[in-house]
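Dumped query.cif below, it's mmCIF, N, CA and C atoms:
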```cif
data_entry
loop_
_atom_site.label_atom_id
_atom_site.label_comp_id
_atom_site.auth_asym_id
_atom_site.auth_seq_id
_atom_site.Cartn_x
_atom_site.Cartn_y
_atom_site.Cartn_z
N MET A 1 29.22 -9.20 -36.40
CA MET A 1 30.38 -8.81 -37.16
C MET A 1 30.45 -9.74 -38.38
N PRO A 2 30.56 -9.16 -39.57
CA PRO A 2 30.60 -9.99 -40.78
C PRO A 2 31.94 -10.74 -40.90
N SER A 3 31.87 -11.83 -41.63
CA SER A 3 33.10 -12.59 -41.86
C SER A 3 33.28 -12.80 -43.36
N CYS A 4 34.49 -13.00 -43.75
CA CYS A 4 34.85 -13.16 -45.17
C CYS A 4 34.19 -14.42 -45.72
N PRO A 5 33.49 -14.32 -46.88
CA PRO A 5 32.86 -15.51 -47.46
C PRO A 5 33.88 -16.51 -48.00
N ASN A 6 35.10 -16.08 -48.25
CA ASN A 6 36.13 -16.94 -48.82
C ASN A 6 36.88 -17.73 -47.75
N CYS A 7 37.40 -17.01 -46.71
CA CYS A 7 38.22 -17.69 -45.70
C CYS A 7 37.58 -17.70 -44.31
N GLY A 8 36.51 -16.94 -44.08
CA GLY A 8 35.80 -16.95 -42.80
C GLY A 8 36.38 -16.03 -41.74
N THR A 9 37.33 -15.18 -42.07
CA THR A 9 37.93 -14.26 -41.11
C THR A 9 36.92 -13.17 -40.74
N ALA A 10 36.78 -12.88 -39.46
CA ALA A 10 35.88 -11.82 -39.00
C ALA A 10 36.52 -10.47 -39.26
N ILE A 11 35.69 -9.53 -39.77
CA ILE A 11 36.20 -8.19 -40.11
C ILE A 11 35.37 -7.17 -39.34
N ALA A 12 36.06 -6.28 -38.63
CA ALA A 12 35.40 -5.36 -37.72
C ALA A 12 34.80 -4.14 -38.42
N THR A 13 35.55 -3.49 -39.29
CA THR A 13 35.05 -2.23 -39.86
C THR A 13 35.02 -2.30 -41.38
N PRO A 14 34.00 -1.67 -41.97
CA PRO A 14 33.92 -1.64 -43.43
C PRO A 14 34.90 -0.60 -44.00
N THR A 15 35.30 -0.83 -45.24
CA THR A 15 36.17 0.15 -45.90
C THR A 15 35.35 1.31 -46.43
N LYS A 16 34.07 1.05 -46.78
CA LYS A 16 33.17 2.09 -47.27
C LYS A 16 31.75 1.76 -46.86
N LEU A 17 30.91 2.80 -46.66
CA LEU A 17 29.50 2.63 -46.34
C LEU A 17 28.67 3.34 -47.40
N PHE A 18 27.62 2.68 -47.87
CA PHE A 18 26.70 3.27 -48.84
C PHE A 18 25.29 3.20 -48.28
N THR A 19 24.47 4.18 -48.64
CA THR A 19 23.06 4.15 -48.28
C THR A 19 22.28 3.92 -49.57
N VAL A 20 21.43 2.89 -49.55
CA VAL A 20 20.68 2.52 -50.74
C VAL A 20 19.19 2.51 -50.38
N ILE A 21 18.35 3.10 -51.24
CA ILE A 21 16.91 3.06 -51.05
C ILE A 21 16.36 2.02 -52.01
N VAL A 22 15.62 1.06 -51.46
CA VAL A 22 15.09 -0.03 -52.26
C VAL A 22 13.58 0.15 -52.39
N GLU A 23 13.09 0.09 -53.63
CA GLU A 23 11.64 0.21 -53.85
C GLU A 23 10.96 -1.07 -53.39
N PRO A 24 9.67 -0.95 -53.04
CA PRO A 24 8.98 -2.14 -52.52
C PRO A 24 8.77 -3.21 -53.58
N LYS A 25 8.79 -4.44 -53.12
CA LYS A 25 8.48 -5.56 -54.00
C LYS A 25 6.97 -5.63 -54.15
N GLU A 26 6.50 -6.45 -55.03
CA GLU A 26 5.06 -6.57 -55.24
C GLU A 26 4.39 -7.05 -53.95
N GLY A 27 3.35 -6.35 -53.53
CA GLY A 27 2.61 -6.71 -52.33
C GLY A 27 3.14 -6.02 -51.08
N GLU A 28 4.29 -5.36 -51.17
CA GLU A 28 4.85 -4.64 -50.03
C GLU A 28 4.47 -3.17 -50.11
N ARG A 29 4.52 -2.51 -48.96
CA ARG A 29 4.25 -1.07 -48.92
C ARG A 29 5.49 -0.36 -48.41
N GLY A 30 5.72 0.84 -48.90
CA GLY A 30 6.79 1.66 -48.39
C GLY A 30 8.14 1.38 -49.04
N LEU A 31 9.13 2.12 -48.56
CA LEU A 31 10.49 2.00 -49.06
C LEU A 31 11.39 1.46 -47.95
N THR A 32 12.49 0.84 -48.35
CA THR A 32 13.45 0.35 -47.37
C THR A 32 14.78 1.01 -47.63
N GLN A 33 15.35 1.60 -46.59
CA GLN A 33 16.68 2.20 -46.68
C GLN A 33 17.65 1.20 -46.08
N ARG A 34 18.66 0.86 -46.85
CA ARG A 34 19.67 -0.09 -46.38
C ARG A 34 21.02 0.59 -46.36
N LYS A 35 21.77 0.32 -45.31
CA LYS A 35 23.16 0.76 -45.26
C LYS A 35 24.01 -0.46 -45.57
N VAL A 36 24.78 -0.34 -46.65
CA VAL A 36 25.60 -1.46 -47.11
C VAL A 36 27.06 -1.09 -46.88
N GLY A 37 27.77 -2.00 -46.25
CA GLY A 37 29.20 -1.80 -46.00
C GLY A 37 30.02 -2.66 -46.93
N MET A 38 31.05 -2.06 -47.51
CA MET A 38 31.98 -2.82 -48.34
C MET A 38 33.16 -3.20 -47.45
N TYR A 39 33.40 -4.50 -47.38
CA TYR A 39 34.45 -5.01 -46.52
C TYR A 39 35.57 -5.60 -47.37
N SER A 40 36.77 -5.53 -46.83
CA SER A 40 37.92 -6.10 -47.51
C SER A 40 38.65 -6.99 -46.50
N CYS A 41 38.86 -8.24 -46.87
CA CYS A 41 39.51 -9.20 -45.98
C CYS A 41 41.02 -8.95 -45.97
N ASP A 42 41.56 -8.81 -44.77
CA ASP A 42 43.00 -8.58 -44.63
C ASP A 42 43.81 -9.85 -44.93
N LYS A 43 43.19 -10.99 -44.73
CA LYS A 43 43.90 -12.26 -44.87
C LYS A 43 44.01 -12.69 -46.34
N CYS A 44 42.85 -12.69 -47.07
CA CYS A 44 42.88 -13.21 -48.44
C CYS A 44 42.63 -12.13 -49.50
N GLY A 45 42.28 -10.90 -49.07
CA GLY A 45 42.10 -9.80 -50.02
C GLY A 45 40.74 -9.76 -50.70
N THR A 46 39.81 -10.62 -50.33
CA THR A 46 38.48 -10.66 -50.94
C THR A 46 37.69 -9.43 -50.52
N LYS A 47 36.98 -8.82 -51.49
CA LYS A 47 36.11 -7.69 -51.19
C LYS A 47 34.67 -8.19 -51.32
N PHE A 48 33.84 -7.82 -50.33
CA PHE A 48 32.45 -8.28 -50.33
C PHE A 48 31.54 -7.26 -49.64
N PRO A 49 30.27 -7.17 -50.07
CA PRO A 49 29.32 -6.26 -49.43
C PRO A 49 28.49 -6.99 -48.36
N THR A 50 28.06 -6.24 -47.36
CA THR A 50 27.16 -6.77 -46.33
C THR A 50 26.21 -5.65 -45.91
N VAL A 51 24.93 -6.02 -45.73
CA VAL A 51 23.95 -5.04 -45.26
C VAL A 51 24.19 -4.82 -43.77
N VAL A 52 24.45 -3.56 -43.39
CA VAL A 52 24.75 -3.21 -42.00
C VAL A 52 23.46 -2.94 -41.22
N SER A 53 22.53 -2.20 -41.86
CA SER A 53 21.26 -1.90 -41.19
C SER A 53 20.15 -1.67 -42.22
N ARG A 54 18.91 -1.82 -41.74
CA ARG A 54 17.73 -1.59 -42.59
C ARG A 54 16.76 -0.68 -41.85
N GLN A 55 16.11 0.20 -42.60
CA GLN A 55 15.07 1.06 -42.04
C GLN A 55 13.93 1.08 -43.03
N HIS A 56 12.73 0.76 -42.55
CA HIS A 56 11.55 0.71 -43.42
C HIS A 56 10.76 2.00 -43.27
N TYR A 57 10.37 2.59 -44.39
CA TYR A 57 9.60 3.83 -44.38
C TYR A 57 8.29 3.61 -45.13
N LEU A 58 7.21 4.12 -44.56
CA LEU A 58 5.91 4.10 -45.23
C LEU A 58 5.62 5.50 -45.75
N LEU A 59 5.07 5.58 -46.94
CA LEU A 59 4.67 6.87 -47.48
C LEU A 59 3.23 7.13 -47.07
N VAL A 60 2.97 8.35 -46.59
CA VAL A 60 1.65 8.71 -46.10
C VAL A 60 1.20 9.97 -46.82
N ALA A 61 -0.08 10.03 -47.17
CA ALA A 61 -0.62 11.22 -47.81
C ALA A 61 -0.53 12.41 -46.85
N GLU A 62 -0.42 13.61 -47.42
CA GLU A 62 -0.21 14.81 -46.61
C GLU A 62 -1.34 15.03 -45.61
N GLU A 63 -2.59 14.83 -46.04
CA GLU A 63 -3.71 15.02 -45.11
C GLU A 63 -3.69 13.99 -43.99
N GLN A 64 -3.28 12.78 -44.30
CA GLN A 64 -3.15 11.76 -43.25
C GLN A 64 -2.06 12.14 -42.26
N LEU A 65 -0.94 12.65 -42.78
CA LEU A 65 0.15 13.08 -41.92
C LEU A 65 -0.31 14.22 -41.01
N GLY A 66 -1.05 15.17 -41.57
CA GLY A 66 -1.58 16.28 -40.77
C GLY A 66 -2.50 15.77 -39.67
N LYS A 67 -3.36 14.82 -40.00
CA LYS A 67 -4.27 14.24 -39.01
C LYS A 67 -3.48 13.53 -37.92
N ILE A 68 -2.47 12.78 -38.32
CA ILE A 68 -1.64 12.07 -37.34
C ILE A 68 -0.93 13.06 -36.42
N GLN A 69 -0.39 14.13 -36.99
CA GLN A 69 0.30 15.13 -36.17
C GLN A 69 -0.66 15.82 -35.22
N THR A 70 -1.89 16.12 -35.69
CA THR A 70 -2.91 16.72 -34.83
C THR A 70 -3.27 15.77 -33.70
N ASP A 71 -3.45 14.49 -34.04
CA ASP A 71 -3.76 13.49 -33.02
C ASP A 71 -2.65 13.41 -31.98
N ILE A 72 -1.41 13.47 -32.42
CA ILE A 72 -0.27 13.41 -31.50
C ILE A 72 -0.30 14.62 -30.56
N LYS A 73 -0.55 15.82 -31.10
CA LYS A 73 -0.63 17.02 -30.26
C LYS A 73 -1.74 16.88 -29.23
N ASN A 74 -2.92 16.39 -29.68
CA ASN A 74 -4.05 16.22 -28.76
C ASN A 74 -3.71 15.20 -27.68
N LEU A 75 -3.06 14.11 -28.06
CA LEU A 75 -2.69 13.09 -27.09
C LEU A 75 -1.66 13.61 -26.10
N LYS A 76 -0.72 14.45 -26.56
CA LYS A 76 0.25 15.03 -25.65
C LYS A 76 -0.44 15.93 -24.64
N LYS A 77 -1.40 16.74 -25.11
CA LYS A 77 -2.14 17.63 -24.20
C LYS A 77 -2.93 16.80 -23.19
N THR A 78 -3.62 15.77 -23.69
CA THR A 78 -4.37 14.89 -22.80
C THR A 78 -3.44 14.24 -21.78
N ASN A 79 -2.28 13.82 -22.23
CA ASN A 79 -1.29 13.21 -21.34
C ASN A 79 -0.85 14.19 -20.26
N GLN A 80 -0.60 15.44 -20.65
CA GLN A 80 -0.20 16.45 -19.67
C GLN A 80 -1.32 16.68 -18.65
N ASP A 81 -2.57 16.76 -19.14
CA ASP A 81 -3.71 16.96 -18.24
C ASP A 81 -3.82 15.79 -17.26
N LEU A 82 -3.65 14.58 -17.78
CA LEU A 82 -3.73 13.40 -16.92
C LEU A 82 -2.60 13.37 -15.90
N GLU A 83 -1.41 13.79 -16.32
CA GLU A 83 -0.28 13.84 -15.38
C GLU A 83 -0.55 14.85 -14.26
N LYS A 84 -1.16 16.00 -14.62
CA LYS A 84 -1.52 16.98 -13.60
C LYS A 84 -2.55 16.40 -12.63
N ARG A 85 -3.56 15.72 -13.19
CA ARG A 85 -4.58 15.11 -12.34
C ARG A 85 -3.98 14.05 -11.43
N ILE A 86 -3.06 13.27 -11.97
CA ILE A 86 -2.41 12.24 -11.16
C ILE A 86 -1.61 12.89 -10.03
N GLY A 87 -0.91 13.99 -10.36
CA GLY A 87 -0.16 14.70 -9.33
C GLY A 87 -1.08 15.22 -8.24
N ALA A 88 -2.23 15.79 -8.64
CA ALA A 88 -3.19 16.30 -7.66
C ALA A 88 -3.75 15.15 -6.82
N MET A 89 -4.03 14.01 -7.47
CA MET A 89 -4.56 12.86 -6.74
C MET A 89 -3.51 12.30 -5.78
N ASP A 90 -2.25 12.29 -6.18
CA ASP A 90 -1.18 11.84 -5.28
C ASP A 90 -1.10 12.73 -4.05
N LYS A 91 -1.21 14.05 -4.26
CA LYS A 91 -1.17 14.99 -3.14
C LYS A 91 -2.38 14.77 -2.24
N GLU A 92 -3.55 14.61 -2.85
CA GLU A 92 -4.77 14.37 -2.07
C GLU A 92 -4.65 13.05 -1.29
N TYR A 93 -4.09 12.03 -1.92
CA TYR A 93 -3.90 10.74 -1.27
C TYR A 93 -2.98 10.90 -0.06
N ALA A 94 -1.89 11.66 -0.23
CA ALA A 94 -0.95 11.87 0.88
C ALA A 94 -1.65 12.61 2.03
N ASP A 95 -2.46 13.62 1.69
CA ASP A 95 -3.20 14.35 2.73
C ASP A 95 -4.18 13.43 3.45
N LEU A 96 -4.91 12.61 2.68
CA LEU A 96 -5.86 11.68 3.29
C LEU A 96 -5.15 10.65 4.16
N GLN A 97 -3.98 10.21 3.72
CA GLN A 97 -3.21 9.24 4.50
C GLN A 97 -2.79 9.86 5.83
N LYS A 98 -2.42 11.15 5.81
CA LYS A 98 -2.06 11.83 7.06
C LYS A 98 -3.27 11.89 7.99
N VAL A 99 -4.45 12.19 7.42
CA VAL A 99 -5.67 12.27 8.23
C VAL A 99 -5.98 10.90 8.84
N VAL A 100 -5.85 9.84 8.04
CA VAL A 100 -6.11 8.49 8.54
C VAL A 100 -5.12 8.13 9.65
N ASP A 101 -3.85 8.45 9.44
CA ASP A 101 -2.85 8.16 10.47
C ASP A 101 -3.15 8.93 11.76
N ARG A 102 -3.53 10.20 11.61
CA ARG A 102 -3.86 11.01 12.79
C ARG A 102 -5.07 10.43 13.49
N SER A 103 -6.08 9.99 12.72
CA SER A 103 -7.28 9.38 13.31
C SER A 103 -6.92 8.10 14.06
N LYS A 104 -6.06 7.28 13.48
CA LYS A 104 -5.62 6.05 14.15
C LYS A 104 -4.93 6.38 15.47
N ARG A 105 -4.03 7.37 15.44
CA ARG A 105 -3.32 7.75 16.67
C ARG A 105 -4.31 8.27 17.71
N ASP A 106 -5.27 9.07 17.26
CA ASP A 106 -6.26 9.60 18.20
C ASP A 106 -7.09 8.46 18.81
N ALA A 107 -7.50 7.51 17.97
CA ALA A 107 -8.28 6.38 18.47
C ALA A 107 -7.46 5.55 19.46
N GLU A 108 -6.20 5.31 19.15
CA GLU A 108 -5.33 4.56 20.06
C GLU A 108 -5.14 5.33 21.37
N THR A 109 -4.99 6.64 21.24
CA THR A 109 -4.82 7.47 22.45
C THR A 109 -6.06 7.38 23.32
N ARG A 110 -7.26 7.49 22.72
CA ARG A 110 -8.50 7.39 23.50
C ARG A 110 -8.61 6.02 24.17
N ALA A 111 -8.26 4.96 23.42
CA ALA A 111 -8.33 3.62 24.00
C ALA A 111 -7.36 3.49 25.17
N LEU A 112 -6.14 4.00 25.00
CA LEU A 112 -5.16 3.92 26.07
C LEU A 112 -5.57 4.78 27.28
N GLU A 113 -6.17 5.93 27.02
CA GLU A 113 -6.65 6.78 28.13
C GLU A 113 -7.76 6.09 28.91
N SER A 114 -8.67 5.40 28.19
CA SER A 114 -9.75 4.69 28.90
C SER A 114 -9.17 3.53 29.72
N LYS A 115 -8.15 2.83 29.17
CA LYS A 115 -7.50 1.76 29.93
C LYS A 115 -6.79 2.34 31.14
N LEU A 116 -6.14 3.50 30.97
CA LEU A 116 -5.46 4.16 32.07
C LEU A 116 -6.45 4.53 33.17
N GLU A 117 -7.58 5.07 32.77
CA GLU A 117 -8.61 5.44 33.74
C GLU A 117 -9.10 4.21 34.50
N ALA A 118 -9.34 3.11 33.77
CA ALA A 118 -9.79 1.88 34.41
C ALA A 118 -8.73 1.36 35.38
N LEU A 119 -7.46 1.40 34.95
CA LEU A 119 -6.38 0.93 35.82
C LEU A 119 -6.24 1.82 37.06
N GLU A 120 -6.39 3.13 36.88
CA GLU A 120 -6.31 4.03 38.04
C GLU A 120 -7.42 3.74 39.04
N LYS A 121 -8.63 3.46 38.52
CA LYS A 121 -9.75 3.11 39.41
C LYS A 121 -9.44 1.81 40.15
N HIS A 122 -8.87 0.85 39.41
CA HIS A 122 -8.55 -0.44 40.01
C HIS A 122 -7.45 -0.27 41.07
N VAL A 123 -6.44 0.54 40.77
CA VAL A 123 -5.37 0.80 41.73
C VAL A 123 -5.95 1.48 42.98
N ALA A 124 -6.85 2.44 42.77
CA ALA A 124 -7.48 3.12 43.92
C ALA A 124 -8.27 2.12 44.75
N TYR A 125 -8.99 1.22 44.10
CA TYR A 125 -9.76 0.18 44.82
C TYR A 125 -8.82 -0.72 45.60
N LEU A 126 -7.70 -1.14 44.94
CA LEU A 126 -6.75 -2.02 45.61
C LEU A 126 -6.09 -1.32 46.80
N ARG A 127 -5.79 -0.04 46.70
CA ARG A 127 -5.21 0.71 47.81
C ARG A 127 -6.20 0.79 48.98
N LYS A 128 -7.46 1.03 48.63
CA LYS A 128 -8.50 1.07 49.67
C LYS A 128 -8.59 -0.28 50.37
N GLU A 129 -8.60 -1.37 49.58
CA GLU A 129 -8.65 -2.73 50.14
C GLU A 129 -7.42 -2.99 51.01
N LYS A 130 -6.26 -2.56 50.51
CA LYS A 130 -5.02 -2.75 51.27
C LYS A 130 -5.11 -2.04 52.61
N GLY A 131 -5.61 -0.81 52.57
CA GLY A 131 -5.75 -0.04 53.81
C GLY A 131 -6.69 -0.73 54.79
N GLU A 132 -7.82 -1.23 54.28
CA GLU A 132 -8.78 -1.93 55.14
C GLU A 132 -8.17 -3.20 55.71
N LEU A 133 -7.44 -3.96 54.86
CA LEU A 133 -6.81 -5.19 55.32
C LEU A 133 -5.73 -4.91 56.37
N GLU A 134 -4.96 -3.85 56.18
CA GLU A 134 -3.93 -3.50 57.16
C GLU A 134 -4.58 -3.09 58.48
N GLU A 135 -5.70 -2.39 58.40
CA GLU A 135 -6.41 -1.97 59.61
C GLU A 135 -6.95 -3.20 60.34
N LYS A 136 -7.54 -4.17 59.62
CA LYS A 136 -8.03 -5.40 60.23
C LYS A 136 -6.89 -6.19 60.84
N ALA A 137 -5.75 -6.25 60.12
CA ALA A 137 -4.59 -6.98 60.60
C ALA A 137 -4.03 -6.35 61.87
N SER A 138 -4.03 -5.03 61.96
CA SER A 138 -3.51 -4.35 63.17
C SER A 138 -4.46 -4.57 64.35
N ARG A 139 -5.75 -4.71 64.15
CA ARG A 139 -6.70 -4.99 65.23
C ARG A 139 -6.52 -6.42 65.74
N LEU A 140 -6.18 -7.34 64.88
CA LEU A 140 -6.04 -8.71 65.27
C LEU A 140 -4.73 -8.98 66.01
N ARG A 141 -3.83 -8.21 66.00
CA ARG A 141 -2.53 -8.42 66.65
C ARG A 141 -2.58 -8.13 68.07
#
```
Just give me the structure of the file as structure tokens.
Amino acid sequence: MPSCPNCGTAIATPTKLFTVIVEPKEGERGLTQRKVGMYSCDKCGTKFPTVVSRQHYLLVAEEQLGKIQTDIKNLKKTNQDLEKRIGAMDKEYADLQKVVDRSKRDAETRALESKLEALEKHVAYLRKEKGELEEKASRLR
């Protein structure tokens, strides 16, 4: 927020806004558009200008502009194609992830089934041993 150069009071809004186009200085390229606000101090009555904003413009030959616009169109098309490919790759990745997860579950299931089979064999062996031991124990009594 600009302040009065005379008394230092901050002023919120300009009384008038002007747009000025400034030609380039030596060694510079392009034009500069400046918005200048005229401010009036409520306290001391001083009127003063302040630059509110600046925008720099470069002048480009028509054929260069056409080439730039063509390049932009080509880049947009390439971008769209890449976005489609990325979408397809994301879908393929999700499908592959499902296959991997299913394979992991299947492998875990097979491992658990083999452990179950081994445990069932062991339980059957222990039951047989228990039966034999009970039979020996009943003969000894």
**Study point:** Nearest-residue call for A:Arg54, choices A:Cys4, A:Ile86, A:Ile72, A:Val20, using only C-alpha atoms
**Key:** A:Val20
Run the PyMOL selection byres (((chain A and resi 38-48 and name CA) around 6) and name CA) mentally over the shown coordinates, then write out the matched residues as a compact mmCIF listing (two decimals) with N, CA and C atoms, in the coordinates of the input, using the chain letters and numbers from the document.
```txt
# COMPACT_ATOMS: atom_id res chain seq x y z
N PRO A 14 34.00 -1.67 -41.97
CA PRO A 14 33.92 -1.64 -43.43
C PRO A 14 34.90 -0.60 -44.00
N THR A 15 35.30 -0.83 -45.24
CA THR A 15 36.17 0.15 -45.90
C THR A 15 35.35 1.31 -46.43
N LYS A 16 34.07 1.05 -46.78
CA LYS A 16 33.17 2.09 -47.27
C LYS A 16 31.75 1.76 -46.86
N GLY A 37 27.77 -2.00 -46.25
CA GLY A 37 29.20 -1.80 -46.00
C GLY A 37 30.02 -2.66 -46.93
N PRO A 49 30.27 -7.17 -50.07
CA PRO A 49 29.32 -6.26 -49.43
C PRO A 49 28.49 -6.99 -48.36
```
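When the PyMOL selection byres (((chain A and resi 52 and name CA) around 7) and name CA) is run on the displayed coordinates, the residues it returns are Lys35, Val36, Gly37, Thr50, Val51 and Ser53 of chain A.
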Point to revise | Length of the atom C of A:Val22 to atom C of A:Leu59 vector [Å] | key: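 So the answer is 13.6 Å.
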Check your understanding: How would you write, as a PyMOL selection string, the set of residues in chain A that DSSP gives as strand (DSSP E)?
Key -> chain A and resi 16-22+31-40+47-57
Would you write out, as an mmCIF file with N, CA and C atoms, in the coordinates of the input, every residue that the PyMOL selection byres (((chain A and resi 32 and name CA) around 10) and name CA) captures in this file?
```
data_model
loop_
_atom_site.group_PDB
_atom_site.id
_atom_site.type_symbol
_atom_site.label_atom_id
_atom_site.label_comp_id
_atom_site.auth_asym_id
_atom_site.auth_seq_id
_atom_site.Cartn_x
_atom_site.Cartn_y
_atom_site.Cartn_z
ATOM 1 N N VAL A 20 21.430 2.890 -49.550
ATOM 2 C CA VAL A 20 20.680 2.520 -50.740
ATOM 3 C C VAL A 20 19.190 2.510 -50.380
ATOM 4 N N ILE A 21 18.350 3.100 -51.240
ATOM 5 C CA ILE A 21 16.910 3.060 -51.050
ATOM 6 C C ILE A 21 16.360 2.020 -52.010
ATOM 7 N N VAL A 22 15.620 1.060 -51.460
ATOM 8 C CA VAL A 22 15.090 -0.030 -52.260
ATOM 9 C C VAL A 22 13.580 0.150 -52.390
ATOM 10 N N GLU A 23 13.090 0.090 -53.630
ATOM 11 C CA GLU A 23 11.640 0.210 -53.850
ATOM 12 C C GLU A 23 10.960 -1.070 -53.390
ATOM 13 N N PRO A 24 9.670 -0.950 -53.040
ATOM 14 C CA PRO A 24 8.980 -2.140 -52.520
ATOM 15 C C PRO A 24 8.770 -3.210 -53.580
ATOM 16 N N ARG A 29 4.520 -2.510 -48.960
ATOM 17 C CA ARG A 29 4.250 -1.070 -48.920
ATOM 18 C C ARG A 29 5.490 -0.360 -48.410
ATOM 19 N N GLY A 30 5.720 0.840 -48.900
ATOM 20 C CA GLY A 30 6.790 1.660 -48.390
ATOM 21 C C GLY A 30 8.140 1.380 -49.040
ATOM 22 N N LEU A 31 9.130 2.120 -48.560
ATOM 23 C CA LEU A 31 10.490 2.000 -49.060
ATOM 24 C C LEU A 31 11.390 1.460 -47.950
ATOM 25 N N GLN A 33 15.350 1.600 -46.590
ATOM 26 C CA GLN A 33 16.680 2.200 -46.680
ATOM 27 C C GLN A 33 17.650 1.200 -46.080
ATOM 28 N N ARG A 34 18.660 0.860 -46.850
ATOM 29 C CA ARG A 34 19.670 -0.090 -46.380
ATOM 30 C C ARG A 34 21.020 0.590 -46.360
ATOM 31 N N LYS A 35 21.770 0.320 -45.310
ATOM 32 C CA LYS A 35 23.160 0.760 -45.260
ATOM 33 C C LYS A 35 24.010 -0.460 -45.570
ATOM 34 N N ARG A 54 18.910 -1.820 -41.740
ATOM 35 C CA ARG A 54 17.730 -1.590 -42.590
ATOM 36 C C ARG A 54 16.760 -0.680 -41.850
ATOM 37 N N GLN A 55 16.110 0.200 -42.600
ATOM 38 C CA GLN A 55 15.070 1.060 -42.040
ATOM 39 C C GLN A 55 13.930 1.080 -43.030
ATOM 40 N N HIS A 56 12.730 0.760 -42.550
ATOM 41 C CA HIS A 56 11.550 0.710 -43.420
ATOM 42 C C HIS A 56 10.760 2.000 -43.270
ATOM 43 N N TYR A 57 10.370 2.590 -44.390
ATOM 44 C CA TYR A 57 9.600 3.830 -44.380
ATOM 45 C C TYR A 57 8.290 3.610 -45.130
ATOM 46 N N LEU A 58 7.210 4.120 -44.560
ATOM 47 C CA LEU A 58 5.910 4.100 -45.230
ATOM 48 C C LEU A 58 5.620 5.500 -45.750
#
```
**Study point:** Atomic distance atom C of A:Lys115 - atom N of A:Lys98, expressed in Å with one decimal
**Key:**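 Pair atom C of A:Lys115 / atom N of A:Lys98 returns 27.2 Å.
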Exercise for review: Have a look at atom CA of A:Ala88 and atom CA of A:Arg105 and let me know their distance in Å, one decimal.
Suggested key: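 Going from atom CA of A:Ala88 over to atom CA of A:Arg105, I get 25.8 Å.
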Practice item. Would you please extract all alpha helix (DSSP H) residues from chain A, as assigned by DSSP on the backbone, and give them as a VMD selection string? Key: chain A and resid 62 to 140
Only N, CA and C atoms needed: put stretch 102-115 of chain A from the block into a file as an mmCIF file, in the first residue's frame.
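In the end it all went to part.cif:
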```cif
data_model
loop_
_atom_site.group_PDB
_atom_site.id
_atom_site.type_symbol
_atom_site.label_atom_id
_atom_site.label_comp_id
_atom_site.auth_asym_id
_atom_site.auth_seq_id
_atom_site.Cartn_x
_atom_site.Cartn_y
_atom_site.Cartn_z
ATOM 1 N N ARG A 102 -3.070 -62.019 -5.802
ATOM 2 C CA ARG A 102 -3.712 -63.335 -5.893
ATOM 3 C C ARG A 102 -2.663 -64.433 -5.834
ATOM 4 N N SER A 103 -1.531 -64.235 -6.519
ATOM 5 C CA SER A 103 -0.450 -65.226 -6.497
ATOM 6 C C SER A 103 0.106 -65.389 -5.084
ATOM 7 N N LYS A 104 0.283 -64.284 -4.376
ATOM 8 C CA LYS A 104 0.770 -64.349 -2.994
ATOM 9 C C LYS A 104 -0.204 -65.136 -2.120
ATOM 10 N N ARG A 105 -1.499 -64.849 -2.272
ATOM 11 C CA ARG A 105 -2.502 -65.570 -1.476
ATOM 12 C C ARG A 105 -2.485 -67.059 -1.816
ATOM 13 N N ASP A 106 -2.366 -67.362 -3.107
ATOM 14 C CA ASP A 106 -2.328 -68.768 -3.514
ATOM 15 C C ASP A 106 -1.094 -69.462 -2.935
ATOM 16 N N ALA A 107 0.058 -68.786 -2.987
ATOM 17 C CA ALA A 107 1.283 -69.378 -2.440
ATOM 18 C C ALA A 107 1.149 -69.584 -0.931
ATOM 19 N N GLU A 108 0.588 -68.610 -0.232
ATOM 20 C CA GLU A 108 0.383 -68.747 1.211
ATOM 21 C C GLU A 108 -0.588 -69.887 1.509
ATOM 22 N N THR A 109 -1.623 -69.986 0.684
ATOM 23 C CA THR A 109 -2.606 -71.063 0.882
ATOM 24 C C THR A 109 -1.942 -72.418 0.696
ATOM 25 N N ARG A 110 -1.122 -72.571 -0.359
ATOM 26 C CA ARG A 110 -0.429 -73.842 -0.590
ATOM 27 C C ARG A 110 0.502 -74.171 0.577
ATOM 28 N N ALA A 111 1.227 -73.142 1.059
ATOM 29 C CA ALA A 111 2.137 -73.377 2.187
ATOM 30 C C ALA A 111 1.357 -73.799 3.427
ATOM 31 N N LEU A 112 0.241 -73.134 3.695
ATOM 32 C CA LEU A 112 -0.570 -73.484 4.858
ATOM 33 C C LEU A 112 -1.197 -74.872 4.704
ATOM 34 N N GLU A 113 -1.609 -75.221 3.494
ATOM 35 C CA GLU A 113 -2.174 -76.557 3.261
ATOM 36 C C GLU A 113 -1.127 -77.643 3.489
ATOM 37 N N SER A 114 0.120 -77.383 3.043
ATOM 38 C CA SER A 114 1.178 -78.390 3.264
ATOM 39 C C SER A 114 1.481 -78.516 4.759
ATOM 40 N N LYS A 115 1.469 -77.382 5.491
ATOM 41 C CA LYS A 115 1.675 -77.438 6.943
ATOM 42 C C LYS A 115 0.531 -78.184 7.606
#
```
